[in-house]
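Structure, as structure tokens:
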Amino acid sequence: MKILALNGSSRDNGNTEYMVTSLLEGIEASIVDLRKYTINPIIDKRHDPEGFGPVDDDYDTVISQILDQDILVFATPLYWYGMSGHMKNFVDRWSQSLRDPRYDFRKIMSEKKALSLIVGGDRVYQKALPLVQQFALIYDFMGVENLGYVIGSGSKPQTVQADGRVAGDLRFWNEYLKQTI
């Protein structure tokens, strides 16, 4: 089993990164920091006769990295009750991949499993629920098996470590992934 984590944080050494590295401790996996790539917002051409054209950015580089993975980890801070802009631009561009003649994107994605990691500040265990549902709906639309989610509480860098609940959840999923691979 190949595992890839997509880190949607715009911060180095932040809470999202901590959650990803804790989850993947002792596991061979790849990590893509979306902030290090230029992924332009989608220009919707789904209903135009000419369809989508090439975009001069790094989206194809990132999407090609996930195509041969078995388990995807979507990790993002909670921004305004949703995923980060880096993550949103990436997921929005899936509309383009669904129409890409080079591969059957929906079929490829339907063979994957996904886990969501979300971190935020005040009352995050309630405020993150709409994003949990959004990820669930995205996975359902693509046929991806939804493994579940982990929510962590921490707003300033390196404060999620004080959340004992997230530590236990990350240990659980770390053991699950070790048994899976």
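Residues are referred to by chain and number: the chain letter is A, B, ... according to the order shown in the structure tokens, the number counts from 1 in that chain, and ligands are numbered separately from 1 in the order shown.
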All residues 8 Å or closer to A:Glu17, only C-alpha atoms, same chain fewer than 5 positions away omitted, as an mmCIF file with N, CA, C and O atoms, in the first residue's frame:
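Heads up, here's the output in part.cif:
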```
data_model
loop_
_atom_site.group_PDB
_atom_site.id
_atom_site.type_symbol
_atom_site.label_atom_id
_atom_site.label_comp_id
_atom_site.auth_asym_id
_atom_site.auth_seq_id
_atom_site.Cartn_x
_atom_site.Cartn_y
_atom_site.Cartn_z
ATOM 1 N N ASN A 7 -0.592 18.095 2.286
ATOM 2 C CA ASN A 7 -0.617 19.091 3.345
ATOM 3 C C ASN A 7 -1.085 20.407 2.747
ATOM 4 O O ASN A 7 -0.399 21.012 1.933
ATOM 5 N N SER A 9 -1.622 23.239 4.392
ATOM 6 C CA SER A 9 -1.304 24.395 5.228
ATOM 7 C C SER A 9 -0.445 25.407 4.479
ATOM 8 O O SER A 9 0.364 25.053 3.624
ATOM 9 N N ASP A 12 4.861 26.683 7.438
ATOM 10 C CA ASP A 12 5.889 25.684 7.737
ATOM 11 C C ASP A 12 5.864 25.384 9.227
ATOM 12 O O ASP A 12 5.649 26.283 10.055
#
```
Taking only residues of stretch 52-140 of chain A that have an atom at most 12 Å from an atom of stretch 154-165 of chain A, what is each one's shortest atom pair and its distance in Å to one decimal, using only C-alpha atoms, in chain and number order, as CSV?
```
residue,atom,partner,partner_atom,distance
A:Pro77,CA,A:Ser155,CA,8.8
A:Leu78,CA,A:Ser155,CA,9.4
A:Tyr79,CA,A:Ser155,CA,10.7
A:Ile118,CA,A:Gly154,CA,10.2
A:Val119,CA,A:Gly154,CA,6.5
A:Gly120,CA,A:Gly154,CA,5.4
A:Gly121,CA,A:Ser155,CA,4.4
A:Asp122,CA,A:Ser155,CA,7.8
A:Arg123,CA,A:Gly154,CA,9.8
A:Val124,CA,A:Gly154,CA,8.5
A:Tyr125,CA,A:Arg165,CA,10.5
```
**Study point:** Computed interatomic separation between atom CA of A:Leu23 and atom CA of A:Lys178 (Å)
**Key:**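 We find that atom CA of A:Leu23 and atom CA of A:Lys178 lie 10.2 Å from each other.
Using only C-alpha atoms for every distance, the candidate list A:Tyr149, A:Lys127, A:Ser95, A:Ile181 yields A:Ser95 as the residue closest to A:His47.
Using only C-alpha atoms, the nearest neighbour of A:Gln179 within the list A:Met83, A:Val144, A:Val32, A:Met1 is A:Met1.
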Review point. Any idea what the distance is between atom CA of A:Arg93 and atom CA of A:Asp140?
Key: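 Separating atom CA of A:Arg93 from atom CA of A:Asp140 is a distance of 17.0 Å.
Between atom CA of A:Val62 and atom CA of A:Asp92 lies a distance of 13.3 Å.
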Review point. So which bits of stretch 31-81 of chain A end up strand (DSSP E) when you DSSP the backbone, as a PyMOL selection string?
Key: chain A and resi 31-33+71-77
